[in-house]
Structures are given as structure tokens and as C-alpha cells.
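Text of the file final.pdb, holding PDB, N, CA, C and O atoms, pLDDT in the B column:
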```pdb
ATOM      1  N   MET A   1       5.833   0.995 -13.418  1.00 56.00           N
ATOM      2  CA  MET A   1       5.457   2.340 -13.039  1.00 56.00           C
ATOM      3  C   MET A   1       6.461   3.321 -13.646  1.00 56.00           C
ATOM      4  O   MET A   1       7.636   3.001 -13.809  1.00 56.00           O
ATOM      5  N   PRO A   2       6.003   4.532 -13.937  1.00 60.00           N
ATOM      6  CA  PRO A   2       6.908   5.540 -14.480  1.00 60.00           C
ATOM      7  C   PRO A   2       8.066   5.826 -13.534  1.00 60.00           C
ATOM      8  O   PRO A   2       7.902   5.832 -12.318  1.00 60.00           O
ATOM      9  N   ASN A   3       9.256   6.045 -14.089  1.00 65.00           N
ATOM     10  CA  ASN A   3      10.455   6.368 -13.306  1.00 65.00           C
ATOM     11  C   ASN A   3      10.805   5.289 -12.293  1.00 65.00           C
ATOM     12  O   ASN A   3      11.495   5.551 -11.318  1.00 65.00           O
ATOM     13  N   GLY A   4      10.289   4.068 -12.452  1.00 68.00           N
ATOM     14  CA  GLY A   4      10.610   2.985 -11.539  1.00 68.00           C
ATOM     15  C   GLY A   4       9.975   3.102 -10.172  1.00 68.00           C
ATOM     16  O   GLY A   4      10.296   2.363  -9.263  1.00 68.00           O
ATOM     17  N   LYS A   5       9.058   4.034  -9.990  1.00 76.00           N
ATOM     18  CA  LYS A   5       8.405   4.222  -8.685  1.00 76.00           C
ATOM     19  C   LYS A   5       7.165   3.338  -8.590  1.00 76.00           C
ATOM     20  O   LYS A   5       6.457   3.142  -9.551  1.00 76.00           O
ATOM     21  N   VAL A   6       6.930   2.833  -7.401  1.00 84.00           N
ATOM     22  CA  VAL A   6       5.762   2.005  -7.140  1.00 84.00           C
ATOM     23  C   VAL A   6       4.657   2.878  -6.577  1.00 84.00           C
ATOM     24  O   VAL A   6       4.896   3.698  -5.688  1.00 84.00           O
ATOM     25  N   ARG A   7       3.462   2.702  -7.089  1.00 93.00           N
ATOM     26  CA  ARG A   7       2.321   3.464  -6.574  1.00 93.00           C
ATOM     27  C   ARG A   7       1.810   2.786  -5.314  1.00 93.00           C
ATOM     28  O   ARG A   7       1.485   1.598  -5.337  1.00 93.00           O
ATOM     29  N   PRO A   8       1.749   3.506  -4.197  1.00 97.00           N
ATOM     30  CA  PRO A   8       1.257   2.902  -2.943  1.00 97.00           C
ATOM     31  C   PRO A   8      -0.184   2.419  -3.101  1.00 97.00           C
ATOM     32  O   PRO A   8      -0.990   3.041  -3.801  1.00 97.00           O
ATOM     33  N   CYS A   9      -0.494   1.306  -2.468  1.00 98.00           N
ATOM     34  CA  CYS A   9      -1.864   0.810  -2.480  1.00 98.00           C
ATOM     35  C   CYS A   9      -2.088  -0.111  -1.295  1.00 98.00           C
ATOM     36  O   CYS A   9      -1.145  -0.629  -0.699  1.00 98.00           O
ATOM     37  N   VAL A  10      -3.356  -0.303  -0.972  1.00 98.00           N
ATOM     38  CA  VAL A  10      -3.777  -1.235   0.076  1.00 98.00           C
ATOM     39  C   VAL A  10      -4.858  -2.113  -0.550  1.00 98.00           C
ATOM     40  O   VAL A  10      -5.825  -1.604  -1.113  1.00 98.00           O
ATOM     41  N   GLU A  11      -4.669  -3.428  -0.472  1.00 98.00           N
ATOM     42  CA  GLU A  11      -5.604  -4.379  -1.071  1.00 98.00           C
ATOM     43  C   GLU A  11      -6.092  -5.357  -0.011  1.00 98.00           C
ATOM     44  O   GLU A  11      -5.326  -5.765   0.869  1.00 98.00           O
ATOM     45  N   VAL A  12      -7.364  -5.744  -0.113  1.00 98.00           N
ATOM     46  CA  VAL A  12      -7.960  -6.716   0.805  1.00 98.00           C
ATOM     47  C   VAL A  12      -8.553  -7.848  -0.034  1.00 98.00           C
ATOM     48  O   VAL A  12      -9.249  -7.598  -1.013  1.00 98.00           O
ATOM     49  N   VAL A  13      -8.248  -9.083   0.347  1.00 98.00           N
ATOM     50  CA  VAL A  13      -8.785 -10.243  -0.372  1.00 98.00           C
ATOM     51  C   VAL A  13      -9.102 -11.352   0.628  1.00 98.00           C
ATOM     52  O   VAL A  13      -8.412 -11.499   1.638  1.00 98.00           O
ATOM     53  N   GLN A  14     -10.151 -12.119   0.338  1.00 98.00           N
ATOM     54  CA  GLN A  14     -10.514 -13.264   1.168  1.00 98.00           C
ATOM     55  C   GLN A  14     -10.130 -14.520   0.413  1.00 98.00           C
ATOM     56  O   GLN A  14     -10.435 -14.673  -0.770  1.00 98.00           O
ATOM     57  N   ALA A  15      -9.412 -15.432   1.078  1.00 98.00           N
ATOM     58  CA  ALA A  15      -9.017 -16.693   0.464  1.00 98.00           C
ATOM     59  C   ALA A  15      -8.816 -17.751   1.543  1.00 98.00           C
ATOM     60  O   ALA A  15      -8.260 -17.462   2.603  1.00 98.00           O
ATOM     61  N   CYS A  16      -9.288 -18.936   1.268  1.00 96.00           N
ATOM     62  CA  CYS A  16      -9.092 -20.084   2.167  1.00 96.00           C
ATOM     63  C   CYS A  16      -9.562 -19.796   3.594  1.00 96.00           C
ATOM     64  O   CYS A  16      -8.906 -20.204   4.562  1.00 96.00           O
ATOM     65  N   GLY A  17     -10.650 -19.076   3.732  1.00 96.00           N
ATOM     66  CA  GLY A  17     -11.207 -18.803   5.053  1.00 96.00           C
ATOM     67  C   GLY A  17     -10.504 -17.724   5.850  1.00 96.00           C
ATOM     68  O   GLY A  17     -10.805 -17.530   7.019  1.00 96.00           O
ATOM     69  N   GLU A  18      -9.549 -17.033   5.228  1.00 98.00           N
ATOM     70  CA  GLU A  18      -8.841 -15.944   5.898  1.00 98.00           C
ATOM     71  C   GLU A  18      -8.957 -14.678   5.072  1.00 98.00           C
ATOM     72  O   GLU A  18      -9.251 -14.707   3.881  1.00 98.00           O
ATOM     73  N   TRP A  19      -8.686 -13.568   5.726  1.00 98.00           N
ATOM     74  CA  TRP A  19      -8.662 -12.267   5.067  1.00 98.00           C
ATOM     75  C   TRP A  19      -7.223 -11.776   5.026  1.00 98.00           C
ATOM     76  O   TRP A  19      -6.522 -11.836   6.034  1.00 98.00           O
ATOM     77  N   PHE A  20      -6.788 -11.324   3.863  1.00 98.00           N
ATOM     78  CA  PHE A  20      -5.418 -10.860   3.682  1.00 98.00           C
ATOM     79  C   PHE A  20      -5.415  -9.389   3.293  1.00 98.00           C
ATOM     80  O   PHE A  20      -6.218  -8.963   2.461  1.00 98.00           O
ATOM     81  N   VAL A  21      -4.527  -8.632   3.913  1.00 98.00           N
ATOM     82  CA  VAL A  21      -4.350  -7.213   3.579  1.00 98.00           C
ATOM     83  C   VAL A  21      -2.927  -7.059   3.071  1.00 98.00           C
ATOM     84  O   VAL A  21      -1.968  -7.418   3.756  1.00 98.00           O
ATOM     85  N   ARG A  22      -2.802  -6.541   1.862  1.00 98.00           N
ATOM     86  CA  ARG A  22      -1.497  -6.294   1.237  1.00 98.00           C
ATOM     87  C   ARG A  22      -1.284  -4.793   1.162  1.00 98.00           C
ATOM     88  O   ARG A  22      -2.116  -4.063   0.640  1.00 98.00           O
ATOM     89  N   VAL A  23      -0.164  -4.342   1.717  1.00 98.00           N
ATOM     90  CA  VAL A  23       0.177  -2.919   1.717  1.00 98.00           C
ATOM     91  C   VAL A  23       1.458  -2.757   0.900  1.00 98.00           C
ATOM     92  O   VAL A  23       2.473  -3.387   1.195  1.00 98.00           O
ATOM     93  N   VAL A  24       1.387  -1.941  -0.141  1.00 98.00           N
ATOM     94  CA  VAL A  24       2.542  -1.684  -1.001  1.00 98.00           C
ATOM     95  C   VAL A  24       2.884  -0.208  -0.888  1.00 98.00           C
ATOM     96  O   VAL A  24       2.015   0.655  -1.029  1.00 98.00           O
ATOM     97  N   GLU A  25       4.156   0.065  -0.610  1.00 96.00           N
ATOM     98  CA  GLU A  25       4.644   1.436  -0.604  1.00 96.00           C
ATOM     99  C   GLU A  25       6.091   1.428  -1.043  1.00 96.00           C
ATOM    100  O   GLU A  25       6.724   0.378  -1.050  1.00 96.00           O
ATOM    101  N   GLU A  26       6.606   2.541  -1.435  1.00 90.00           N
ATOM    102  CA  GLU A  26       7.943   2.730  -1.996  1.00 90.00           C
ATOM    103  C   GLU A  26       8.734   1.443  -2.214  1.00 90.00           C
ATOM    104  O   GLU A  26       8.685   0.859  -3.269  1.00 90.00           O
ATOM    105  N   ASP A  27       9.493   0.978  -1.248  1.00 88.00           N
ATOM    106  CA  ASP A  27      10.332  -0.192  -1.445  1.00 88.00           C
ATOM    107  C   ASP A  27       9.927  -1.352  -0.541  1.00 88.00           C
ATOM    108  O   ASP A  27      10.709  -2.249  -0.278  1.00 88.00           O
ATOM    109  N   GLN A  28       8.677  -1.345  -0.075  1.00 95.00           N
ATOM    110  CA  GLN A  28       8.213  -2.371   0.847  1.00 95.00           C
ATOM    111  C   GLN A  28       6.877  -2.950   0.408  1.00 95.00           C
ATOM    112  O   GLN A  28       6.058  -2.260  -0.199  1.00 95.00           O
ATOM    113  N   GLU A  29       6.687  -4.223   0.741  1.00 97.00           N
ATOM    114  CA  GLU A  29       5.397  -4.873   0.554  1.00 97.00           C
ATOM    115  C   GLU A  29       5.143  -5.711   1.800  1.00 97.00           C
ATOM    116  O   GLU A  29       5.996  -6.487   2.213  1.00 97.00           O
ATOM    117  N   LEU A  30       3.984  -5.519   2.415  1.00 97.00           N
ATOM    118  CA  LEU A  30       3.624  -6.219   3.639  1.00 97.00           C
ATOM    119  C   LEU A  30       2.285  -6.911   3.426  1.00 97.00           C
ATOM    120  O   LEU A  30       1.357  -6.294   2.893  1.00 97.00           O
ATOM    121  N   THR A  31       2.191  -8.172   3.812  1.00 98.00           N
ATOM    122  CA  THR A  31       0.917  -8.886   3.766  1.00 98.00           C
ATOM    123  C   THR A  31       0.626  -9.427   5.158  1.00 98.00           C
ATOM    124  O   THR A  31       1.472 -10.088   5.757  1.00 98.00           O
ATOM    125  N   ARG A  32      -0.559  -9.091   5.660  1.00 98.00           N
ATOM    126  CA  ARG A  32      -0.985  -9.589   6.978  1.00 98.00           C
ATOM    127  C   ARG A  32      -2.262 -10.398   6.791  1.00 98.00           C
ATOM    128  O   ARG A  32      -3.103 -10.053   5.964  1.00 98.00           O
ATOM    129  N   SER A  33      -2.414 -11.442   7.584  1.00 98.00           N
ATOM    130  CA  SER A  33      -3.627 -12.263   7.498  1.00 98.00           C
ATOM    131  C   SER A  33      -4.453 -12.089   8.767  1.00 98.00           C
ATOM    132  O   SER A  33      -3.909 -11.874   9.855  1.00 98.00           O
ATOM    133  N   PHE A  34      -5.765 -12.200   8.593  1.00 98.00           N
ATOM    134  CA  PHE A  34      -6.720 -12.037   9.692  1.00 98.00           C
ATOM    135  C   PHE A  34      -7.785 -13.106   9.562  1.00 98.00           C
ATOM    136  O   PHE A  34      -8.191 -13.458   8.458  1.00 98.00           O
ATOM    137  N   GLU A  35      -8.256 -13.617  10.682  1.00 98.00           N
ATOM    138  CA  GLU A  35      -9.347 -14.583  10.671  1.00 98.00           C
ATOM    139  C   GLU A  35     -10.702 -13.891  10.609  1.00 98.00           C
ATOM    140  O   GLU A  35     -11.681 -14.484  10.168  1.00 98.00           O
ATOM    141  N   ILE A  36     -10.747 -12.634  11.049  1.00 98.00           N
ATOM    142  CA  ILE A  36     -12.013 -11.899  11.135  1.00 98.00           C
ATOM    143  C   ILE A  36     -12.000 -10.732  10.134  1.00 98.00           C
ATOM    144  O   ILE A  36     -11.069  -9.916  10.126  1.00 98.00           O
ATOM    145  N   GLU A  37     -13.036 -10.683   9.302  1.00 98.00           N
ATOM    146  CA  GLU A  37     -13.117  -9.665   8.248  1.00 98.00           C
ATOM    147  C   GLU A  37     -13.028  -8.248   8.799  1.00 98.00           C
ATOM    148  O   GLU A  37     -12.311  -7.403   8.262  1.00 98.00           O
ATOM    149  N   SER A  38     -13.740  -7.965   9.878  1.00 98.00           N
ATOM    150  CA  SER A  38     -13.759  -6.597  10.410  1.00 98.00           C
ATOM    151  C   SER A  38     -12.371  -6.153  10.870  1.00 98.00           C
ATOM    152  O   SER A  38     -12.016  -4.983  10.751  1.00 98.00           O
ATOM    153  N   PHE A  39     -11.570  -7.075  11.376  1.00 98.00           N
ATOM    154  CA  PHE A  39     -10.203  -6.739  11.779  1.00 98.00           C
ATOM    155  C   PHE A  39      -9.358  -6.394  10.558  1.00 98.00           C
ATOM    156  O   PHE A  39      -8.580  -5.443  10.575  1.00 98.00           O
ATOM    157  N   ALA A  40      -9.521  -7.173   9.500  1.00 98.00           N
ATOM    158  CA  ALA A  40      -8.786  -6.909   8.257  1.00 98.00           C
ATOM    159  C   ALA A  40      -9.175  -5.554   7.680  1.00 98.00           C
ATOM    160  O   ALA A  40      -8.307  -4.774   7.263  1.00 98.00           O
ATOM    161  N   LEU A  41     -10.466  -5.257   7.675  1.00 98.00           N
ATOM    162  CA  LEU A  41     -10.931  -3.977   7.122  1.00 98.00           C
ATOM    163  C   LEU A  41     -10.447  -2.800   7.964  1.00 98.00           C
ATOM    164  O   LEU A  41     -10.087  -1.755   7.422  1.00 98.00           O
ATOM    165  N   ALA A  42     -10.431  -2.965   9.283  1.00 98.00           N
ATOM    166  CA  ALA A  42      -9.944  -1.898  10.164  1.00 98.00           C
ATOM    167  C   ALA A  42      -8.453  -1.652   9.924  1.00 98.00           C
ATOM    168  O   ALA A  42      -8.007  -0.496   9.860  1.00 98.00           O
ATOM    169  N   PHE A  43      -7.680  -2.724   9.773  1.00 98.00           N
ATOM    170  CA  PHE A  43      -6.248  -2.583   9.498  1.00 98.00           C
ATOM    171  C   PHE A  43      -6.039  -1.900   8.147  1.00 98.00           C
ATOM    172  O   PHE A  43      -5.222  -0.981   8.018  1.00 98.00           O
ATOM    173  N   ALA A  44      -6.796  -2.336   7.136  1.00 98.00           N
ATOM    174  CA  ALA A  44      -6.685  -1.739   5.799  1.00 98.00           C
ATOM    175  C   ALA A  44      -7.032  -0.256   5.837  1.00 98.00           C
ATOM    176  O   ALA A  44      -6.353   0.563   5.205  1.00 98.00           O
ATOM    177  N   GLU A  45      -8.059   0.104   6.559  1.00 98.00           N
ATOM    178  CA  GLU A  45      -8.459   1.520   6.662  1.00 98.00           C
ATOM    179  C   GLU A  45      -7.365   2.339   7.333  1.00 98.00           C
ATOM    180  O   GLU A  45      -7.062   3.460   6.911  1.00 98.00           O
ATOM    181  N   GLY A  46      -6.770   1.811   8.378  1.00 98.00           N
ATOM    182  CA  GLY A  46      -5.682   2.518   9.047  1.00 98.00           C
ATOM    183  C   GLY A  46      -4.488   2.731   8.127  1.00 98.00           C
ATOM    184  O   GLY A  46      -3.880   3.807   8.108  1.00 98.00           O
ATOM    185  N   GLN A  47      -4.162   1.714   7.337  1.00 98.00           N
ATOM    186  CA  GLN A  47      -3.045   1.835   6.394  1.00 98.00           C
ATOM    187  C   GLN A  47      -3.390   2.818   5.273  1.00 98.00           C
ATOM    188  O   GLN A  47      -2.546   3.585   4.821  1.00 98.00           O
ATOM    189  N   ARG A  48      -4.642   2.781   4.821  1.00 98.00           N
ATOM    190  CA  ARG A  48      -5.093   3.737   3.802  1.00 98.00           C
ATOM    191  C   ARG A  48      -4.906   5.168   4.291  1.00 98.00           C
ATOM    192  O   ARG A  48      -4.364   6.019   3.590  1.00 98.00           O
ATOM    193  N   MET A  49      -5.307   5.422   5.516  1.00 98.00           N
ATOM    194  CA  MET A  49      -5.176   6.763   6.083  1.00 98.00           C
ATOM    195  C   MET A  49      -3.708   7.145   6.251  1.00 98.00           C
ATOM    196  O   MET A  49      -3.313   8.263   5.925  1.00 98.00           O
ATOM    197  N   ARG A  50      -2.889   6.217   6.734  1.00 97.00           N
ATOM    198  CA  ARG A  50      -1.467   6.486   6.934  1.00 97.00           C
ATOM    199  C   ARG A  50      -0.781   6.857   5.626  1.00 97.00           C
ATOM    200  O   ARG A  50       0.056   7.758   5.583  1.00 97.00           O
ATOM    201  N   LEU A  51      -1.170   6.191   4.539  1.00 97.00           N
ATOM    202  CA  LEU A  51      -0.559   6.453   3.239  1.00 97.00           C
ATOM    203  C   LEU A  51      -1.215   7.611   2.485  1.00 97.00           C
ATOM    204  O   LEU A  51      -0.749   8.000   1.417  1.00 97.00           O
ATOM    205  N   GLY A  52      -2.315   8.143   3.028  1.00 98.00           N
ATOM    206  CA  GLY A  52      -2.996   9.261   2.391  1.00 98.00           C
ATOM    207  C   GLY A  52      -3.715   8.874   1.109  1.00 98.00           C
ATOM    208  O   GLY A  52      -3.835   9.679   0.187  1.00 98.00           O
ATOM    209  N   LEU A  53      -4.228   7.645   1.055  1.00 98.00           N
ATOM    210  CA  LEU A  53      -4.928   7.159  -0.134  1.00 98.00           C
ATOM    211  C   LEU A  53      -6.419   7.460  -0.026  1.00 98.00           C
ATOM    212  O   LEU A  53      -6.972   7.526   1.080  1.00 98.00           O
ATOM    213  N   ALA A  54      -7.073   7.574  -1.166  1.00 98.00           N
ATOM    214  CA  ALA A  54      -8.515   7.846  -1.188  1.00 98.00           C
ATOM    215  C   ALA A  54      -9.317   6.626  -0.775  1.00 98.00           C
ATOM    216  O   ALA A  54     -10.385   6.748  -0.171  1.00 98.00           O
ATOM    217  N   ASP A  55      -8.822   5.430  -1.096  1.00 97.00           N
ATOM    218  CA  ASP A  55      -9.573   4.208  -0.809  1.00 97.00           C
ATOM    219  C   ASP A  55      -8.633   3.021  -0.834  1.00 97.00           C
ATOM    220  O   ASP A  55      -7.491   3.129  -1.287  1.00 97.00           O
ATOM    221  N   PHE A  56      -9.088   1.886  -0.318  1.00 97.00           N
ATOM    222  CA  PHE A  56      -8.346   0.653  -0.492  1.00 97.00           C
ATOM    223  C   PHE A  56      -9.128  -0.232  -1.461  1.00 97.00           C
ATOM    224  O   PHE A  56     -10.297   0.004  -1.735  1.00 97.00           O
ATOM    225  N   ILE A  57      -8.459  -1.240  -1.997  1.00 97.00           N
ATOM    226  CA  ILE A  57      -9.038  -2.085  -3.035  1.00 97.00           C
ATOM    227  C   ILE A  57      -9.469  -3.422  -2.438  1.00 97.00           C
ATOM    228  O   ILE A  57      -8.688  -4.068  -1.747  1.00 97.00           O
ATOM    229  N   ARG A  58     -10.714  -3.822  -2.703  1.00 97.00           N
ATOM    230  CA  ARG A  58     -11.181  -5.153  -2.305  1.00 97.00           C
ATOM    231  C   ARG A  58     -11.170  -6.034  -3.539  1.00 97.00           C
ATOM    232  O   ARG A  58     -11.841  -5.741  -4.519  1.00 97.00           O
ATOM    233  N   LEU A  59     -10.381  -7.070  -3.478  1.00 95.00           N
ATOM    234  CA  LEU A  59     -10.266  -7.985  -4.629  1.00 95.00           C
ATOM    235  C   LEU A  59     -11.150  -9.193  -4.455  1.00 95.00           C
ATOM    236  O   LEU A  59     -11.522  -9.556  -3.394  1.00 95.00           O
TER
END
```
Re-express the file's structure as C-alpha cells.
Amino acid sequence: MPNGKVRPCVEVVQACGEWFVRVVEEDQELTRSFEIESFALAFAEGQRMRLGLADFIRL
């Protein structure tokens, strides 16, 4: 990234029967796992709003 800054993002991916939400911001990266898709999407939406992003990414 330019000037060494990380662009904040929220990503959702399904793997091995679980849903994972990855949240990247300034100097932190957090990954949470969920058994239920709707819970993962709700968490991702909340993080998207908190970070002021237009959308989250589904991989």
C-alpha cells in the first residue's frame, strides 16, 4: 500500500463448513469463525459500518 498504510477491509469466506470474517485495519488483523452464515454476515456488516466502508468482500 502507498506510504506503508493498510487499506481497511472486511472479508467473508466459507471453508470447511465454517464461515470466517477477516477484518483488517491500520495495524490489526482479526479473524473470527462462525458456524452459521447469517451470524458471520451480521458481524461483517457491523464491522463494515464501524470502519465506514461501502461494502464487505465475499470470497
Problem set entry | strand (DSSP E or B) positions in segment 1-50 of chain A, given as a ChimeraX atom specification | /A:9-15,18-25,28-34
For this session: List the residues selected by the PyMOL selection byres (((chain A and resi 20 and name CA) around 6) and name CA) in the file shown, writing them as number ranges by chain.
Result: A: 12-13, 19, 21, 32-33
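Considering only chain A, backbone DSSP assigns alpha helix (DSSP H) to Glu37, Ser38, Phe39, Ala40, Leu41, Ala42, Phe43, Ala44, Glu45, Gly46, Gln47, Arg48, Met49, Arg50 and Leu51 of chain A.
Minimum atom-to-atom distance to Ala44 of chain A, evaluated using only N, CA, C and O atoms, belongs to A:Val10 out of A:Leu30, A:Leu59, A:Gly17, A:Val10.
For the file at hand, the PyMOL selection byres ((chain A and resi 56) around 6) resolves to Val10, Glu11, Val12, Ala54, Asp55, Ile57 and Arg58 of chain A.
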For the residues in the current selection, export N, CA, C and O atoms as a short mmCIF file (atom, residue, chain, number, x, y, z; two decimals), in the frame of the given file.
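Just written: selection04.cif:
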```
data_model
loop_
_atom_site.label_atom_id
_atom_site.label_comp_id
_atom_site.auth_asym_id
_atom_site.auth_seq_id
_atom_site.Cartn_x
_atom_site.Cartn_y
_atom_site.Cartn_z
N VAL A 10 -3.36 -0.30 -0.97
CA VAL A 10 -3.78 -1.24 0.08
C VAL A 10 -4.86 -2.11 -0.55
O VAL A 10 -5.82 -1.60 -1.11
N GLU A 11 -4.67 -3.43 -0.47
CA GLU A 11 -5.60 -4.38 -1.07
C GLU A 11 -6.09 -5.36 -0.01
O GLU A 11 -5.33 -5.76 0.87
N VAL A 12 -7.36 -5.74 -0.11
CA VAL A 12 -7.96 -6.72 0.80
C VAL A 12 -8.55 -7.85 -0.03
O VAL A 12 -9.25 -7.60 -1.01
N ALA A 54 -7.07 7.57 -1.17
CA ALA A 54 -8.52 7.85 -1.19
C ALA A 54 -9.32 6.63 -0.78
O ALA A 54 -10.38 6.75 -0.17
N ASP A 55 -8.82 5.43 -1.10
CA ASP A 55 -9.57 4.21 -0.81
C ASP A 55 -8.63 3.02 -0.83
O ASP A 55 -7.49 3.13 -1.29
N ILE A 57 -8.46 -1.24 -2.00
CA ILE A 57 -9.04 -2.08 -3.04
C ILE A 57 -9.47 -3.42 -2.44
O ILE A 57 -8.69 -4.07 -1.75
N ARG A 58 -10.71 -3.82 -2.70
CA ARG A 58 -11.18 -5.15 -2.31
C ARG A 58 -11.17 -6.03 -3.54
O ARG A 58 -11.84 -5.74 -4.52
#
```
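Comparing the minimum interatomic distances between Glu35 of chain A and each of A:Glu18, A:Gln47, A:Val6, A:Val23, counting all atoms listed in the file, we find that A:Glu18 sits nearest.
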For this session: Check which residues satisfy the PyMOL selection byres ((chain A and resi 7) around 6) in the file shown, then give them as a ChimeraX atom specification.
Result: /A:5-6,8-9,24-25
Take every atom of segment 3-16 of chain A listed in the file, fit an axis-aligned box around them, add 3 Å per side, and give the centre and edge lengths in Å to one decimal as lines of an AutoDock Vina configuration file.
```
center_x = 0.5
center_y = -6.9
center_z = -4.8
size_x = 28.0
size_y = 32.6
size_z = 24.7
```
Exercise. How many Å lie between atom CA of Ala40 of chain A and atom CA of Arg22 of chain A, rounded to one decimal?
Worked result: 10.1 Å
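Between atom CA of Phe34 of chain A and atom CA of Leu51 of chain A the separation is 20.5 Å.
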Exercise. What is the atom O of Phe43 of chain A-atom C of Glu29 of chain A distance in Å, reported with one decimal?
Worked result: 13.0 Å
